[in-house]
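> This is the structure I have questions about; it appears just below.
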Amino acid sequence: MDVQELIKQQVTAHPVVLYMKGTPQFPMCGFSGNAVRILNALGVKDFFSVDVLSNPEIRQGIKDYANWPTIPQLYINGEFIGGSDIVSEMYQSGELQALLKG
Amino acid sequence: MVTPESIKHSIEQGMAVTHLAVAGDGAHFEAVVVSDEFAGKSRVQRHQRVYQTLGDRMREEIHALSMKTFTPQEWQEQQ
């Protein structure tokens, strides 16, 4: 399957998807760790995570998919929400909580 | 090595800013960008606009760029 197709399938098959470096248990980058920490703080336990370090094709493909050059990337209900900064801002403002409830 | 000044230069060349500050250690950088161009844009669109000014540098040289983006009005309210 084409990597863009695969990504589309992943983000639509799961309500919350995080593309990150490492795993939720062992994040390999502070920004990815930050995103995991926020999802955990919001009680989102069963999000689907993809370790881009062990998937080089997805690591490149995801940057094109969202026109976004950095990792992590958070998707909710198929929609690209943002990277570490935006996820933090939306958590602090309460917007992320509202999105996850909706 | 990538310097904050070189990132600042790329952003300034690529878009109209009213205030711009960049700090960093060569791998991780932080930027505050204030621009009229951000009016009516989502957070994602604002960051994409800044990333656009950096082009392939984001993929190759710069590991991480943390950003805060404001319109001039939002920036004034921050002060």
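Chain labels run A, B, ... following the order of the structure tokens; each chain numbers its residues from 1, and ligands are numbered from 1 in the order shown.
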List the spatial neighbours of stretch 57-60 of chain B as a list of chain:residue names - criterion: any atom at most 7 Å away, only C-alpha atoms, same-chain residues fewer than 3 positions off excluded.
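Neighbouring residues, sequence-local ones excluded: A:Pro69, B:Tyr51, B:Leu54.
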> Specify as a list in words all residues of chain A found within 8 Å of chain B, counting only C-alpha atoms.
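Close to chain B, chain A has Asn67, Trp68, Pro69, Thr70, Ile81, Gly82, Asp85 and Ile86 of chain A.
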> What does the file look like for those residues with C-alpha atoms, as a PDB file, in the first residue's frame?

ATOM      1  CA  ASN A  67       2.422  19.521   5.158  1.00  0.00           C
ATOM      2  CA  TRP A  68       4.121  19.607   8.532  1.00  0.00           C
ATOM      3  CA  PRO A  69       7.874  19.040   8.824  1.00  0.00           C
ATOM      4  CA  THR A  70       8.168  17.872  12.425  1.00  0.00           C
ATOM      5  CA  ILE A  81      -4.474  18.894  15.228  1.00  0.00           C
ATOM      6  CA  GLY A  82      -0.857  20.002  15.461  1.00  0.00           C
ATOM      7  CA  ASP A  85       3.447  23.444  20.741  1.00  0.00           C
ATOM      8  CA  ILE A  86      -0.124  23.502  19.476  1.00  0.00           C
TER       9      ILE A  86
END
> For A:Leu96, please output as a PyMOL selection string all residues within 12 Å (counting only C-alpha atoms; exclusion window: fewer than 6 positions along the same chain).
chain A and resi 16+35+38-39+41-44+74-76+81-82+86-90+102
> Write the residues you've just listed into a file as a short mmCIF file (atom, residue, chain, number, x, y, z; two decimals), in the first residue's frame, and include C-alpha atoms for each of them.

data_model
loop_
_atom_site.label_atom_id
_atom_site.label_comp_id
_atom_site.auth_asym_id
_atom_site.auth_seq_id
_atom_site.Cartn_x
_atom_site.Cartn_y
_atom_site.Cartn_z
CA VAL A 16 -6.79 9.46 18.42
CA ALA A 35 2.38 14.97 23.71
CA ILE A 38 -0.79 15.52 27.83
CA LEU A 39 -2.85 12.65 26.40
CA ALA A 41 -3.22 13.67 31.73
CA LEU A 42 -6.50 13.87 29.80
CA GLY A 43 -7.19 10.20 30.46
CA VAL A 44 -6.69 9.15 26.83
CA LEU A 74 -1.54 14.45 16.72
CA TYR A 75 -4.69 13.46 14.83
CA ILE A 76 -8.19 13.38 16.30
CA ILE A 81 -4.47 18.89 15.23
CA GLY A 82 -0.86 20.00 15.46
CA ILE A 86 -0.12 23.50 19.48
CA VAL A 87 -1.12 20.47 21.54
CA SER A 88 0.29 22.20 24.65
CA GLU A 89 -1.52 25.47 23.89
CA MET A 90 -4.81 23.66 23.27
CA GLY A 102 -16.84 15.75 21.01
#
> Compile the contact shell of stretch 32-41 of chain B as number ranges by chain: residues with an atom at most 6 Å away, counting only C-alpha atoms, same-chain residues fewer than 4 positions apart removed.
B: 17-21, 45-46, 67-72
> For C-alpha atoms, I'd like the residues from the last selection saved as a compact mmCIF listing (two decimals), in the first residue's frame.

# COMPACT_ATOMS: atom_id res chain seq x y z
CA VAL B 17 6.88 40.27 10.57
CA THR B 18 6.39 43.10 13.05
CA HIS B 19 8.29 41.33 15.81
CA LEU B 20 10.55 38.31 15.71
CA ALA B 21 12.72 36.70 18.36
CA GLN B 45 -1.85 27.44 9.26
CA ARG B 46 0.32 29.94 11.15
CA MET B 67 6.91 28.55 18.10
CA LYS B 68 4.51 31.06 19.45
CA THR B 69 2.60 33.00 16.83
CA PHE B 70 0.62 36.21 17.31
CA THR B 71 -1.06 38.90 15.27
CA PRO B 72 0.12 42.39 16.28
> Find the residues near B:Glu5: any atom within 12 Å, counting only C-alpha atoms, skip ones fewer than 2 places away on the same chain, and give them as a list in words.
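Returned residues: Met1, Val2, Thr3, Ile7, Lys8, His9, Ser10, Ile11, Glu12, Leu20, Ala21, Val22, Ala23, Gly24, Asp25, Gly26, Phe29, Glu30 and Ala31 of chain B.
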> Given the selection you just returned, output its residues as a file containing all heavy atoms, formatted as a short mmCIF file (atom, residue, chain, number, x, y, z; two decimals), in the first residue's frame.

data_model
loop_
_atom_site.label_atom_id
_atom_site.label_comp_id
_atom_site.auth_asym_id
_atom_site.auth_seq_id
_atom_site.Cartn_x
_atom_site.Cartn_y
_atom_site.Cartn_z
N MET B 1 27.03 24.90 12.07
CA MET B 1 25.91 24.77 13.00
C MET B 1 24.86 25.84 12.71
O MET B 1 25.18 26.95 12.29
CB MET B 1 26.44 24.93 14.43
CG MET B 1 25.42 24.50 15.45
SD MET B 1 26.09 24.42 17.14
CE MET B 1 25.88 26.09 17.68
N VAL B 2 23.63 25.48 12.93
CA VAL B 2 22.53 26.42 12.73
C VAL B 2 22.52 27.42 13.89
O VAL B 2 22.62 27.04 15.04
CB VAL B 2 21.19 25.67 12.69
CG1 VAL B 2 20.06 26.65 12.39
CG2 VAL B 2 21.21 24.56 11.66
N THR B 3 22.41 28.68 13.55
CA THR B 3 22.34 29.69 14.60
C THR B 3 20.93 30.29 14.65
O THR B 3 20.22 30.30 13.64
CB THR B 3 23.33 30.83 14.35
OG1 THR B 3 22.98 31.46 13.10
CG2 THR B 3 24.76 30.32 14.26
N ILE B 7 18.16 31.43 11.43
CA ILE B 7 16.73 31.11 11.37
C ILE B 7 15.93 32.39 11.27
O ILE B 7 15.01 32.53 10.46
CB ILE B 7 16.31 30.29 12.61
CG1 ILE B 7 16.97 28.91 12.56
CG2 ILE B 7 14.80 30.17 12.68
CD1 ILE B 7 16.67 28.04 13.75
N LYS B 8 16.33 33.36 12.08
CA LYS B 8 15.65 34.66 12.07
C LYS B 8 15.71 35.26 10.67
O LYS B 8 14.70 35.77 10.16
CB LYS B 8 16.35 35.57 13.09
CG LYS B 8 15.56 36.80 13.44
CD LYS B 8 16.18 37.55 14.61
CE LYS B 8 15.35 38.80 14.85
NZ LYS B 8 16.09 39.94 15.28
N HIS B 9 16.88 35.17 10.07
CA HIS B 9 17.07 35.71 8.73
C HIS B 9 16.12 35.04 7.73
O HIS B 9 15.46 35.72 6.94
CB HIS B 9 18.53 35.52 8.31
CG HIS B 9 18.85 36.12 6.99
ND1 HIS B 9 18.97 37.47 6.80
CD2 HIS B 9 19.04 35.54 5.78
CE1 HIS B 9 19.24 37.70 5.53
NE2 HIS B 9 19.29 36.55 4.89
N SER B 10 16.05 33.71 7.77
CA SER B 10 15.17 32.99 6.83
C SER B 10 13.71 33.41 7.01
O SER B 10 12.99 33.62 6.03
CB SER B 10 15.26 31.48 7.06
OG SER B 10 16.49 30.99 6.63
N ILE B 11 13.28 33.53 8.25
CA ILE B 11 11.87 33.89 8.50
C ILE B 11 11.61 35.31 7.99
O ILE B 11 10.63 35.56 7.29
CB ILE B 11 11.52 33.76 9.99
CG1 ILE B 11 11.63 32.29 10.46
CG2 ILE B 11 10.10 34.28 10.25
CD1 ILE B 11 11.45 32.08 11.95
N GLU B 12 12.53 36.22 8.30
CA GLU B 12 12.36 37.62 7.88
C GLU B 12 12.32 37.76 6.37
O GLU B 12 11.59 38.60 5.83
CB GLU B 12 13.52 38.48 8.41
CG GLU B 12 13.37 38.88 9.84
CD GLU B 12 14.65 39.49 10.40
OE1 GLU B 12 15.73 39.33 9.79
OE2 GLU B 12 14.57 40.11 11.47
N LEU B 20 10.02 39.66 15.89
CA LEU B 20 10.55 38.31 15.71
C LEU B 20 11.72 38.10 16.66
O LEU B 20 12.66 38.90 16.69
CB LEU B 20 11.02 38.11 14.26
CG LEU B 20 11.71 36.79 13.92
CD1 LEU B 20 10.77 35.61 14.12
CD2 LEU B 20 12.21 36.81 12.48
N ALA B 21 11.62 37.06 17.47
CA ALA B 21 12.72 36.70 18.36
C ALA B 21 12.99 35.21 18.22
O ALA B 21 12.06 34.41 18.19
CB ALA B 21 12.36 37.04 19.80
N VAL B 22 14.25 34.85 18.07
CA VAL B 22 14.62 33.43 17.96
C VAL B 22 15.76 33.16 18.94
O VAL B 22 16.74 33.91 18.99
CB VAL B 22 15.07 33.05 16.54
CG1 VAL B 22 15.36 31.55 16.45
CG2 VAL B 22 14.03 33.44 15.50
N ALA B 23 15.62 32.09 19.71
CA ALA B 23 16.70 31.66 20.61
C ALA B 23 16.91 30.18 20.41
O ALA B 23 16.02 29.48 19.93
CB ALA B 23 16.32 31.96 22.05
N GLY B 24 18.08 29.68 20.77
CA GLY B 24 18.29 28.25 20.62
C GLY B 24 19.74 27.85 20.77
O GLY B 24 20.63 28.70 20.86
N ASP B 25 19.97 26.54 20.77
CA ASP B 25 21.28 26.00 21.11
C ASP B 25 21.94 25.26 19.96
O ASP B 25 22.92 24.56 20.15
CB ASP B 25 21.13 25.05 22.31
CG ASP B 25 20.25 23.85 21.99
OD1 ASP B 25 19.79 23.72 20.82
OD2 ASP B 25 20.01 23.05 22.90
N GLY B 26 21.40 25.40 18.74
CA GLY B 26 22.00 24.70 17.61
C GLY B 26 21.18 23.51 17.15
O GLY B 26 21.27 23.11 16.00
N PHE B 29 15.27 25.14 18.89
CA PHE B 29 15.09 26.59 18.82
C PHE B 29 13.69 26.98 19.27
O PHE B 29 12.76 26.19 19.19
CB PHE B 29 15.31 27.08 17.38
CG PHE B 29 16.71 26.85 16.91
CD1 PHE B 29 17.03 25.68 16.25
CD2 PHE B 29 17.70 27.78 17.15
CE1 PHE B 29 18.32 25.43 15.83
CE2 PHE B 29 19.00 27.54 16.73
CZ PHE B 29 19.31 26.36 16.06
N GLU B 30 13.60 28.22 19.73
CA GLU B 30 12.30 28.78 20.09
C GLU B 30 12.13 30.09 19.38
O GLU B 30 13.06 30.91 19.35
CB GLU B 30 12.23 29.02 21.60
CG GLU B 30 12.15 27.75 22.40
CD GLU B 30 12.22 28.01 23.89
OE1 GLU B 30 12.04 29.18 24.30
OE2 GLU B 30 12.44 27.05 24.63
N ALA B 31 10.95 30.30 18.82
CA ALA B 31 10.70 31.55 18.11
C ALA B 31 9.38 32.17 18.56
O ALA B 31 8.40 31.46 18.83
CB ALA B 31 10.64 31.29 16.60
#
